[in-house]
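Chemist: One file: final27.cif (mmCIF, C-alpha atoms and all ligand atoms).
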data_query
loop_
_atom_site.group_PDB
_atom_site.id
_atom_site.type_symbol
_atom_site.label_atom_id
_atom_site.label_comp_id
_atom_site.auth_asym_id
_atom_site.auth_seq_id
_atom_site.Cartn_x
_atom_site.Cartn_y
_atom_site.Cartn_z
ATOM 1 C CA MET A 263 -2.552 19.587 -14.517
ATOM 2 C CA LEU A 264 -2.903 16.016 -13.210
ATOM 3 C CA GLU A 265 -6.255 16.662 -11.560
ATOM 4 C CA LYS A 266 -7.875 17.672 -14.853
ATOM 5 C CA ASP A 267 -7.983 13.918 -15.643
ATOM 6 C CA ILE A 268 -9.913 13.207 -12.441
ATOM 7 C CA GLU A 269 -13.668 12.744 -12.544
ATOM 8 C CA ARG A 270 -14.127 12.727 -8.777
ATOM 9 C CA VAL A 271 -11.773 13.335 -5.866
ATOM 10 C CA LEU A 272 -12.336 10.644 -3.205
ATOM 11 C CA TYR A 273 -9.808 11.844 -0.612
ATOM 12 C CA SER A 274 -8.320 15.323 -0.274
ATOM 13 C CA ARG A 275 -4.823 16.010 1.034
ATOM 14 C CA GLU A 276 -6.412 16.877 4.380
ATOM 15 C CA ASP A 277 -8.432 13.626 4.491
ATOM 16 C CA ILE A 278 -5.263 11.631 3.849
ATOM 17 C CA GLN A 279 -3.266 13.548 6.442
ATOM 18 C CA LYS A 280 -5.890 12.821 9.119
ATOM 19 C CA VAL A 281 -5.822 9.112 8.294
ATOM 20 C CA ASN A 282 -2.019 9.070 8.488
ATOM 21 C CA GLN A 283 -2.095 10.782 11.871
ATOM 22 C CA ARG A 284 -4.584 8.221 13.202
ATOM 23 C CA LEU A 285 -2.581 5.245 11.913
ATOM 24 C CA GLY A 286 0.691 6.739 13.166
ATOM 25 C CA LYS A 287 -0.756 7.175 16.650
ATOM 26 C CA GLN A 288 -2.064 3.590 16.714
ATOM 27 C CA ILE A 289 1.297 2.168 15.632
ATOM 28 C CA THR A 290 3.148 4.370 18.134
ATOM 29 C CA ALA A 291 0.917 3.089 20.939
ATOM 30 C CA ASP A 292 1.091 -0.570 19.866
ATOM 31 C CA TYR A 293 4.890 -0.723 19.437
ATOM 32 C CA GLN A 294 6.056 1.012 22.614
ATOM 33 C CA GLY A 295 9.529 -0.281 23.564
ATOM 34 C CA LYS A 296 9.938 -1.978 20.184
ATOM 35 C CA ASN A 297 11.866 -1.086 17.060
ATOM 36 C CA PRO A 298 9.605 -2.157 14.207
ATOM 37 C CA LEU A 299 10.864 -2.740 10.674
ATOM 38 C CA LEU A 300 8.489 -1.146 8.192
ATOM 39 C CA ILE A 301 8.492 -2.864 4.816
ATOM 40 C CA GLY A 302 7.183 -0.687 2.002
ATOM 41 C CA ILE A 303 5.885 -2.518 -1.053
ATOM 42 C CA LEU A 304 7.147 -0.752 -4.162
ATOM 43 C CA LYS A 305 6.100 1.249 -5.883
ATOM 44 C CA GLY A 306 2.590 2.159 -4.773
ATOM 45 C CA ALA A 307 3.330 2.376 -1.044
ATOM 46 C CA ILE A 308 6.151 4.923 -1.187
ATOM 47 C CA VAL A 309 4.103 8.110 -0.915
ATOM 48 C CA PHE A 310 1.986 6.771 1.959
ATOM 49 C CA MET A 311 5.027 5.333 3.721
ATOM 50 C CA THR A 312 7.038 8.553 3.634
ATOM 51 C CA ASP A 313 4.146 10.440 5.216
ATOM 52 C CA LEU A 314 3.164 7.672 7.668
ATOM 53 C CA ILE A 315 6.635 7.245 9.202
ATOM 54 C CA ARG A 316 6.664 10.925 10.157
ATOM 55 C CA GLU A 317 3.507 10.293 12.223
ATOM 56 C CA ILE A 318 5.179 7.467 14.191
ATOM 57 C CA ASP A 319 6.964 8.668 17.332
ATOM 58 C CA LEU A 320 9.276 5.675 17.810
ATOM 59 C CA HIS A 321 12.590 4.424 16.454
ATOM 60 C CA VAL A 322 11.649 2.536 13.317
ATOM 61 C CA GLU A 323 13.655 1.091 10.451
ATOM 62 C CA ILE A 324 12.522 0.977 6.852
ATOM 63 C CA ASP A 325 13.138 -1.400 3.979
ATOM 64 C CA PHE A 326 11.448 -2.152 0.685
ATOM 65 C CA MET A 327 10.286 -5.084 -1.387
ATOM 66 C CA ASP A 328 9.019 -5.042 -4.922
ATOM 67 C CA VAL A 329 6.673 -7.726 -6.109
ATOM 68 C CA SER A 330 4.791 -7.556 -9.358
ATOM 69 C CA SER A 331 1.477 -8.846 -10.588
ATOM 70 C CA TYR A 332 -0.126 -6.144 -12.670
ATOM 71 C CA GLY A 333 2.317 -4.765 -15.232
ATOM 72 C CA ALA A 334 0.766 -1.918 -17.196
ATOM 73 C CA GLU A 335 -2.685 -3.469 -17.074
ATOM 74 C CA THR A 336 -5.458 -2.558 -14.655
ATOM 75 C CA ILE A 337 -6.539 -6.181 -14.322
ATOM 76 C CA SER A 338 -4.460 -8.606 -12.283
ATOM 77 C CA SER A 339 -2.726 -11.406 -14.135
ATOM 78 C CA GLY A 340 -2.870 -13.427 -10.936
ATOM 79 C CA GLU A 341 0.864 -14.025 -11.091
ATOM 80 C CA VAL A 342 3.136 -12.594 -8.379
ATOM 81 C CA LYS A 343 6.943 -12.627 -8.268
ATOM 82 C CA ILE A 344 9.754 -10.930 -6.315
ATOM 83 C CA ILE A 345 11.417 -8.111 -8.247
ATOM 84 C CA LYS A 346 13.426 -6.756 -5.308
ATOM 85 C CA ASP A 347 13.955 -8.478 -1.983
ATOM 86 C CA LEU A 348 14.736 -6.931 1.427
ATOM 87 C CA ASP A 349 18.232 -5.765 2.380
ATOM 88 C CA THR A 350 17.480 -6.386 6.070
ATOM 89 C CA SER A 351 17.107 -9.711 7.884
ATOM 90 C CA VAL A 352 13.631 -9.975 9.414
ATOM 91 C CA LYS A 353 14.617 -12.742 11.858
ATOM 92 C CA GLY A 354 13.359 -11.836 15.320
ATOM 93 C CA ARG A 355 12.031 -8.476 14.106
ATOM 94 C CA ASP A 356 8.596 -6.949 14.508
ATOM 95 C CA ILE A 357 7.662 -6.209 10.935
ATOM 96 C CA ILE A 358 4.880 -4.109 9.495
ATOM 97 C CA ILE A 359 4.093 -4.487 5.809
ATOM 98 C CA ILE A 360 3.096 -1.126 4.347
ATOM 99 C CA GLU A 361 0.738 -1.166 1.362
ATOM 100 C CA ASP A 362 -1.161 1.536 -0.482
ATOM 101 C CA ILE A 363 -4.089 -0.752 -1.320
ATOM 102 C CA VAL A 364 -5.284 -4.315 -0.816
ATOM 103 C CA ASP A 365 -7.378 -5.297 -3.800
ATOM 104 C CA THR A 366 -7.657 -9.008 -4.733
ATOM 105 C CA GLY A 367 -5.318 -9.814 -1.815
ATOM 106 C CA ARG A 368 -2.903 -11.754 -4.025
ATOM 107 C CA THR A 369 0.105 -9.484 -3.430
ATOM 108 C CA LEU A 370 -0.346 -9.484 0.328
ATOM 109 C CA ASN A 371 -1.057 -13.203 0.468
ATOM 110 C CA TYR A 372 2.161 -13.906 -1.404
ATOM 111 C CA LEU A 373 4.188 -11.539 0.784
ATOM 112 C CA MET A 374 2.804 -13.099 3.968
ATOM 113 C CA ALA A 375 3.675 -16.579 2.718
ATOM 114 C CA ILE A 376 7.286 -15.537 2.048
ATOM 115 C CA LEU A 377 7.780 -13.519 5.213
ATOM 116 C CA LYS A 378 6.260 -16.205 7.456
ATOM 117 C CA THR A 379 9.143 -18.513 6.512
ATOM 118 C CA ARG A 380 11.756 -15.974 7.689
ATOM 119 C CA GLN A 381 11.220 -16.175 11.454
ATOM 120 C CA ALA A 382 10.060 -12.651 12.195
ATOM 121 C CA ASN A 383 8.895 -12.117 15.789
ATOM 122 C CA SER A 384 5.632 -10.613 14.534
ATOM 123 C CA ILE A 385 4.090 -9.634 11.199
ATOM 124 C CA LYS A 386 1.401 -6.996 10.831
ATOM 125 C CA VAL A 387 -0.058 -5.215 7.852
ATOM 126 C CA CYS A 388 -0.843 -1.532 7.462
ATOM 127 C CA THR A 389 -2.682 -0.491 4.318
ATOM 128 C CA LEU A 390 -3.889 2.982 3.440
ATOM 129 C CA MET A 391 -6.810 1.597 1.463
ATOM 130 C CA ASP A 392 -8.778 -1.613 1.471
ATOM 131 C CA LYS A 393 -11.098 -2.652 -1.355
ATOM 132 C CA PRO A 394 -12.843 -5.699 0.168
ATOM 133 C CA SER A 395 -15.367 -5.988 -2.678
ATOM 134 C CA ARG A 396 -12.539 -7.147 -4.960
ATOM 135 C CA ARG A 397 -11.080 -9.798 -2.687
ATOM 136 C CA ILE A 398 -10.161 -13.146 -4.242
ATOM 137 C CA VAL A 399 -7.679 -14.371 -1.605
ATOM 138 C CA PRO A 400 -8.650 -13.816 2.051
ATOM 139 C CA VAL A 401 -6.063 -11.632 3.832
ATOM 140 C CA HIS A 402 -6.036 -9.737 7.107
ATOM 141 C CA SER A 403 -4.870 -6.134 7.563
ATOM 142 C CA ASP A 404 -4.192 -4.909 11.105
ATOM 143 C CA TYR A 405 -4.241 -1.177 10.297
ATOM 144 C CA VAL A 406 -6.574 0.110 7.586
ATOM 145 C CA GLY A 407 -6.770 3.775 6.590
ATOM 146 C CA MET A 408 -9.991 3.669 4.627
ATOM 147 C CA GLU A 409 -12.303 1.263 2.867
ATOM 148 C CA VAL A 410 -12.769 2.250 -0.760
ATOM 149 C CA PRO A 411 -15.540 1.443 -3.234
ATOM 150 C CA ASN A 412 -14.963 -0.816 -6.238
ATOM 151 C CA GLU A 413 -13.584 1.889 -8.516
ATOM 152 C CA PHE A 414 -10.131 2.261 -10.027
ATOM 153 C CA VAL A 415 -8.414 4.892 -7.902
ATOM 154 C CA VAL A 416 -5.208 6.792 -8.645
ATOM 155 C CA GLY A 417 -2.977 9.293 -6.891
ATOM 156 C CA TYR A 418 -0.879 9.342 -3.727
ATOM 157 C CA GLY A 419 1.272 6.476 -4.990
ATOM 158 C CA LEU A 420 -1.381 4.630 -6.987
ATOM 159 C CA ASP A 421 -0.901 4.600 -10.739
ATOM 160 C CA TYR A 422 -2.680 4.104 -13.997
ATOM 161 C CA ALA A 423 -0.035 2.929 -16.504
ATOM 162 C CA GLU A 424 2.646 4.336 -14.145
ATOM 163 C CA ARG A 425 1.073 7.823 -14.137
ATOM 164 C CA TYR A 426 -0.630 9.842 -11.366
ATOM 165 C CA ARG A 427 1.485 8.439 -8.506
ATOM 166 C CA ASN A 428 2.615 12.004 -7.748
ATOM 167 C CA MET A 429 -0.900 13.453 -7.447
ATOM 168 C CA GLY A 430 -1.519 14.649 -3.884
ATOM 169 C CA THR A 431 -5.160 13.583 -3.757
ATOM 170 C CA ILE A 432 -6.818 10.220 -4.437
ATOM 171 C CA GLY A 433 -9.475 10.111 -7.124
ATOM 172 C CA VAL A 434 -11.283 8.282 -9.905
ATOM 173 C CA LEU A 435 -10.086 8.899 -13.481
ATOM 174 C CA LYS A 436 -12.353 10.157 -16.243
ATOM 175 C CA PRO A 437 -13.397 7.227 -18.487
ATOM 176 C CA GLU A 438 -11.808 8.807 -21.589
ATOM 177 C CA ILE A 439 -8.373 8.413 -19.997
ATOM 178 C CA TYR A 440 -8.756 4.615 -20.189
ATOM 179 C CA SER A 441 -10.324 4.535 -23.638
ATOM 180 C CA GLY A 442 -7.296 6.283 -25.186
ATOM 181 C CA LYS A 443 -8.761 9.832 -25.665
HETATM 182 C C1 LIG E 501 -0.861 -2.627 -6.599
HETATM 183 C C2 LIG E 501 -0.967 -2.073 -5.196
HETATM 184 C C3 LIG E 501 -0.796 -3.294 -4.327
HETATM 185 C C4 LIG E 501 -1.428 -4.387 -5.162
HETATM 186 C C5 LIG E 501 -2.797 -4.698 -4.660
HETATM 187 O O1 LIG E 501 0.497 -2.785 -6.905
HETATM 188 O O2 LIG E 501 0.061 -1.128 -4.959
HETATM 189 O O3 LIG E 501 0.559 -3.576 -4.115
HETATM 190 O O4 LIG E 501 -1.521 -3.887 -6.511
HETATM 191 O O5 LIG E 501 -3.458 -5.587 -5.531
HETATM 192 P P1 LIG E 501 -3.841 -7.069 -5.156
HETATM 193 O O6 LIG E 501 -4.443 -7.050 -3.775
HETATM 194 O O7 LIG E 501 -4.864 -7.412 -6.204
HETATM 195 O O8 LIG E 501 -2.630 -7.906 -5.241
HETATM 196 P P2 LIG E 501 0.999 -3.088 -8.388
HETATM 197 O O9 LIG E 501 1.219 -4.554 -8.517
HETATM 198 O O10 LIG E 501 0.104 -2.420 -9.371
HETATM 199 O O11 LIG E 501 2.430 -2.405 -8.428
HETATM 200 P P3 LIG E 501 2.807 -0.888 -8.065
HETATM 201 O O12 LIG E 501 2.647 -0.770 -6.597
HETATM 202 O O13 LIG E 501 4.214 -0.756 -8.500
HETATM 203 O O14 LIG E 501 1.855 -0.003 -8.823
HETATM 204 MN MN MN E 502 1.860 -2.074 -5.133
HETATM 205 MG MG MG E 503 0.214 -0.513 -10.057
#
Here is the file; what I need is its structure written in the form of structure tokens.
Modeler:
Amino acid sequence: MLEKDIERVLYSREDIQKVNQRLGKQITADYQGKNPLLIGILKGAIVFMTDLIREIDLHVEIDFMDVSSYGAETISSGEVKIIKDLDTSVKGRDIIIIEDIVDTGRTLNYLMAILKTRQANSIKVCTLMDKPSRRIVPVHSDYVGMEVPNEFVVGYGLDYAERYRNMGTIGVLKPEIYSGK
């Protein structure tokens, strides 16, 4: 039903699973003997995060933050604010920010600025997708699943007007979906 609105599938369920396995192995190797705190950025990161953590063979803790910049629009307003803060103290912790996509970089830049003031032992970023062609603010991601072209992608946590987050694949919507049928 959802996939009938998709013009082109970019990543199948199998593609995504392979990426998650690779990232999970890298994080497992890099954090041996540590107990990282994974911070999922609501809402887009939840689907990726729930799959990724099951590919990490370590004791990890999870927490969530919600920051907002987009609203129902597909174009960034450039404004970012905290909607929900962490429940956990990050002081002395090894934290990994989990994102579904880094686009202009504004969300990640803002998160880094906040978290850097909270005395974490280390801060790294893991994003499923990176869209470097759209970057406005320079940001660094330590773990990147895949680089995506400059197209509006949905599925696997990513929405258009809050829809399609529950689609198992990642794809590009048909133009008529945007133009209102
Ligand atoms: C999307 C995405 C990233 C952010 C990336 O979230 O999930 O968090 O935008 O864009 P940027 O690099 O231009 O800041 P959004 O604000 O749409 O909220 P959502 O995750 O709840 O969909
Ligand atoms: Mn998001
Ligand atoms: Mg969104």
Chemist: Ligand MG 503 (chain E): which residues are within 7 Å, counting all atoms listed in the file, as number ranges by chain?
Modeler: A: 306, 332, 420-422, 424
Chemist: Give the residue list for ligand LIG 501 (chain E) at 9 Å, counting all atoms listed in the file, as a ChimeraX atom specification, sorted by chain and then by residue number.
Modeler: /A:303-308,328-338,340,342,361-372,392-393,396-399,419-424,427
Chemist: Just checking: using only C-alpha atoms, which residue out of A:Met311, A:Ala291, A:Val401, A:Leu299 ends up closest to Asn383 of chain A?
Modeler: A:Leu299
Chemist: For the file shown, what are the residues hit by the PyMOL selection byres (((chain A and resi 266) around 12) and not hetatm), laid out as a short mmCIF file (atom, residue, chain, number, x, y, z; two decimals) with C-alpha atoms, keeping the file's coordinate frame?
Modeler:
data_model
loop_
_atom_site.label_atom_id
_atom_site.label_comp_id
_atom_site.auth_asym_id
_atom_site.auth_seq_id
_atom_site.Cartn_x
_atom_site.Cartn_y
_atom_site.Cartn_z
CA MET A 263 -2.55 19.59 -14.52
CA LEU A 264 -2.90 16.02 -13.21
CA GLU A 265 -6.26 16.66 -11.56
CA ASP A 267 -7.98 13.92 -15.64
CA ILE A 268 -9.91 13.21 -12.44
CA GLU A 269 -13.67 12.74 -12.54
CA ARG A 270 -14.13 12.73 -8.78
CA VAL A 271 -11.77 13.34 -5.87
CA TYR A 426 -0.63 9.84 -11.37
CA MET A 429 -0.90 13.45 -7.45
CA GLY A 433 -9.48 10.11 -7.12
CA VAL A 434 -11.28 8.28 -9.90
CA LEU A 435 -10.09 8.90 -13.48
CA LYS A 436 -12.35 10.16 -16.24
CA GLU A 438 -11.81 8.81 -21.59
CA ILE A 439 -8.37 8.41 -20.00
#
Chemist: For a cutoff of 6 Å around the file-coordinate point (-4.1, -3.4, 7.1), which residues qualify once you count all atoms listed in the file? I'd like the result as a list in words.
Modeler: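 Looking at atoms near the point gives Val387, Cys388, Thr389, Ser403, Asp404, Tyr405 and Val406 of chain A.
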Chemist: For a test of reading the model, state the distance in Å between atom CA of Gln288 of chain A and atom CA of Asn428 of chain A, rounded to one decimal.
Modeler: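 Separation between atom CA of Gln288 of chain A and atom CA of Asn428 of chain A: 26.3 Å.
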Chemist: Generate the coordinates of N, CA and C atoms for segment 336-365 of chain A; report them as a PDB file, in the coordinates of the input.
Modeler:
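Full text of selection_12.pdb as output:
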ATOM      1  N   THR A 336      -4.691  -2.861 -15.861  1.00  0.00           N
ATOM      2  CA  THR A 336      -5.458  -2.558 -14.655  1.00  0.00           C
ATOM      3  C   THR A 336      -6.066  -3.830 -14.069  1.00  0.00           C
ATOM      4  N   ILE A 337      -5.972  -4.924 -14.796  1.00  0.00           N
ATOM      5  CA  ILE A 337      -6.539  -6.181 -14.322  1.00  0.00           C
ATOM      6  C   ILE A 337      -5.404  -7.133 -13.941  1.00  0.00           C
ATOM      7  N   SER A 338      -5.525  -7.739 -12.787  1.00  0.00           N
ATOM      8  CA  SER A 338      -4.460  -8.606 -12.283  1.00  0.00           C
ATOM      9  C   SER A 338      -4.281  -9.837 -13.159  1.00  0.00           C
ATOM     10  N   SER A 339      -3.020 -10.181 -13.411  1.00  0.00           N
ATOM     11  CA  SER A 339      -2.726 -11.406 -14.135  1.00  0.00           C
ATOM     12  C   SER A 339      -2.806 -12.617 -13.204  1.00  0.00           C
ATOM     13  N   GLY A 340      -2.820 -12.341 -11.906  1.00  0.00           N
ATOM     14  CA  GLY A 340      -2.870 -13.427 -10.936  1.00  0.00           C
ATOM     15  C   GLY A 340      -1.513 -14.011 -10.617  1.00  0.00           C
ATOM     16  N   GLU A 341      -0.490 -13.507 -11.277  1.00  0.00           N
ATOM     17  CA  GLU A 341       0.864 -14.025 -11.091  1.00  0.00           C
ATOM     18  C   GLU A 341       1.671 -13.015 -10.270  1.00  0.00           C
ATOM     19  N   VAL A 342       2.358 -13.498  -9.229  1.00  0.00           N
ATOM     20  CA  VAL A 342       3.136 -12.594  -8.379  1.00  0.00           C
ATOM     21  C   VAL A 342       4.571 -13.107  -8.292  1.00  0.00           C
ATOM     22  N   LYS A 343       5.540 -12.216  -8.428  1.00  0.00           N
ATOM     23  CA  LYS A 343       6.943 -12.627  -8.268  1.00  0.00           C
ATOM     24  C   LYS A 343       7.750 -11.518  -7.590  1.00  0.00           C
ATOM     25  N   ILE A 344       8.881 -11.909  -6.970  1.00  0.00           N
ATOM     26  CA  ILE A 344       9.754 -10.930  -6.315  1.00  0.00           C
ATOM     27  C   ILE A 344      10.619 -10.235  -7.363  1.00  0.00           C
ATOM     28  N   ILE A 345      10.561  -8.918  -7.371  1.00  0.00           N
ATOM     29  CA  ILE A 345      11.417  -8.111  -8.247  1.00  0.00           C
ATOM     30  C   ILE A 345      12.615  -7.607  -7.452  1.00  0.00           C
ATOM     31  N   LYS A 346      12.352  -7.191  -6.208  1.00  0.00           N
ATOM     32  CA  LYS A 346      13.426  -6.756  -5.308  1.00  0.00           C
ATOM     33  C   LYS A 346      13.142  -7.292  -3.918  1.00  0.00           C
ATOM     34  N   ASP A 347      14.138  -7.939  -3.330  1.00  0.00           N
ATOM     35  CA  ASP A 347      13.955  -8.478  -1.983  1.00  0.00           C
ATOM     36  C   ASP A 347      14.495  -7.484  -0.946  1.00  0.00           C
ATOM     37  N   LEU A 348      14.274  -7.781   0.337  1.00  0.00           N
ATOM     38  CA  LEU A 348      14.736  -6.931   1.427  1.00  0.00           C
ATOM     39  C   LEU A 348      16.251  -6.919   1.521  1.00  0.00           C
ATOM     40  N   ASP A 349      16.804  -5.816   2.052  1.00  0.00           N
ATOM     41  CA  ASP A 349      18.232  -5.765   2.380  1.00  0.00           C
ATOM     42  C   ASP A 349      18.461  -6.240   3.812  1.00  0.00           C
ATOM     43  N   THR A 350      17.403  -6.128   4.634  1.00  0.00           N
ATOM     44  CA  THR A 350      17.480  -6.386   6.070  1.00  0.00           C
ATOM     45  C   THR A 350      16.994  -7.788   6.396  1.00  0.00           C
ATOM     46  N   SER A 351      17.632  -8.441   7.383  1.00  0.00           N
ATOM     47  CA  SER A 351      17.107  -9.711   7.884  1.00  0.00           C
ATOM     48  C   SER A 351      15.902  -9.429   8.770  1.00  0.00           C
ATOM     49  N   VAL A 352      14.829 -10.196   8.596  1.00  0.00           N
ATOM     50  CA  VAL A 352      13.631  -9.975   9.414  1.00  0.00           C
ATOM     51  C   VAL A 352      13.604 -10.904  10.629  1.00  0.00           C
ATOM     52  N   LYS A 353      14.601 -11.768  10.762  1.00  0.00           N
ATOM     53  CA  LYS A 353      14.617 -12.742  11.858  1.00  0.00           C
ATOM     54  C   LYS A 353      14.541 -12.045  13.218  1.00  0.00           C
ATOM     55  N   GLY A 354      13.541 -12.410  13.989  1.00  0.00           N
ATOM     56  CA  GLY A 354      13.359 -11.836  15.320  1.00  0.00           C
ATOM     57  C   GLY A 354      12.775 -10.430  15.338  1.00  0.00           C
ATOM     58  N   ARG A 355      12.513  -9.867  14.177  1.00  0.00           N
ATOM     59  CA  ARG A 355      12.031  -8.476  14.106  1.00  0.00           C
ATOM     60  C   ARG A 355      10.509  -8.406  14.155  1.00  0.00           C
ATOM     61  N   ASP A 356      10.026  -7.245  14.597  1.00  0.00           N
ATOM     62  CA  ASP A 356       8.596  -6.949  14.508  1.00  0.00           C
ATOM     63  C   ASP A 356       8.393  -6.190  13.206  1.00  0.00           C
ATOM     64  N   ILE A 357       7.761  -6.847  12.244  1.00  0.00           N
ATOM     65  CA  ILE A 357       7.662  -6.209  10.935  1.00  0.00           C
ATOM     66  C   ILE A 357       6.238  -5.744  10.644  1.00  0.00           C
ATOM     67  N   ILE A 358       6.169  -4.647   9.944  1.00  0.00           N
ATOM     68  CA  ILE A 358       4.880  -4.109   9.495  1.00  0.00           C
ATOM     69  C   ILE A 358       4.978  -3.907   7.985  1.00  0.00           C
ATOM     70  N   ILE A 359       4.157  -4.639   7.270  1.00  0.00           N
ATOM     71  CA  ILE A 359       4.093  -4.487   5.809  1.00  0.00           C
ATOM     72  C   ILE A 359       3.254  -3.244   5.508  1.00  0.00           C
ATOM     73  N   ILE A 360       3.803  -2.365   4.682  1.00  0.00           N
ATOM     74  CA  ILE A 360       3.096  -1.126   4.347  1.00  0.00           C
ATOM     75  C   ILE A 360       2.631  -1.198   2.889  1.00  0.00           C
ATOM     76  N   GLU A 361       1.327  -1.133   2.706  1.00  0.00           N
ATOM     77  CA  GLU A 361       0.738  -1.166   1.362  1.00  0.00           C
ATOM     78  C   GLU A 361      -0.115   0.076   1.124  1.00  0.00           C
ATOM     79  N   ASP A 362      -0.244   0.445  -0.133  1.00  0.00           N
ATOM     80  CA  ASP A 362      -1.161   1.536  -0.482  1.00  0.00           C
ATOM     81  C   ASP A 362      -2.588   1.018  -0.595  1.00  0.00           C
ATOM     82  N   ILE A 363      -2.728  -0.205  -1.155  1.00  0.00           N
ATOM     83  CA  ILE A 363      -4.089  -0.752  -1.320  1.00  0.00           C
ATOM     84  C   ILE A 363      -4.057  -2.276  -1.322  1.00  0.00           C
ATOM     85  N   VAL A 364      -5.065  -2.873  -0.717  1.00  0.00           N
ATOM     86  CA  VAL A 364      -5.284  -4.315  -0.816  1.00  0.00           C
ATOM     87  C   VAL A 364      -6.531  -4.496  -1.674  1.00  0.00           C
ATOM     88  N   ASP A 365      -6.315  -5.172  -2.801  1.00  0.00           N
ATOM     89  CA  ASP A 365      -7.378  -5.297  -3.800  1.00  0.00           C
ATOM     90  C   ASP A 365      -7.832  -6.772  -3.830  1.00  0.00           C
TER      91      ASP A 365
END
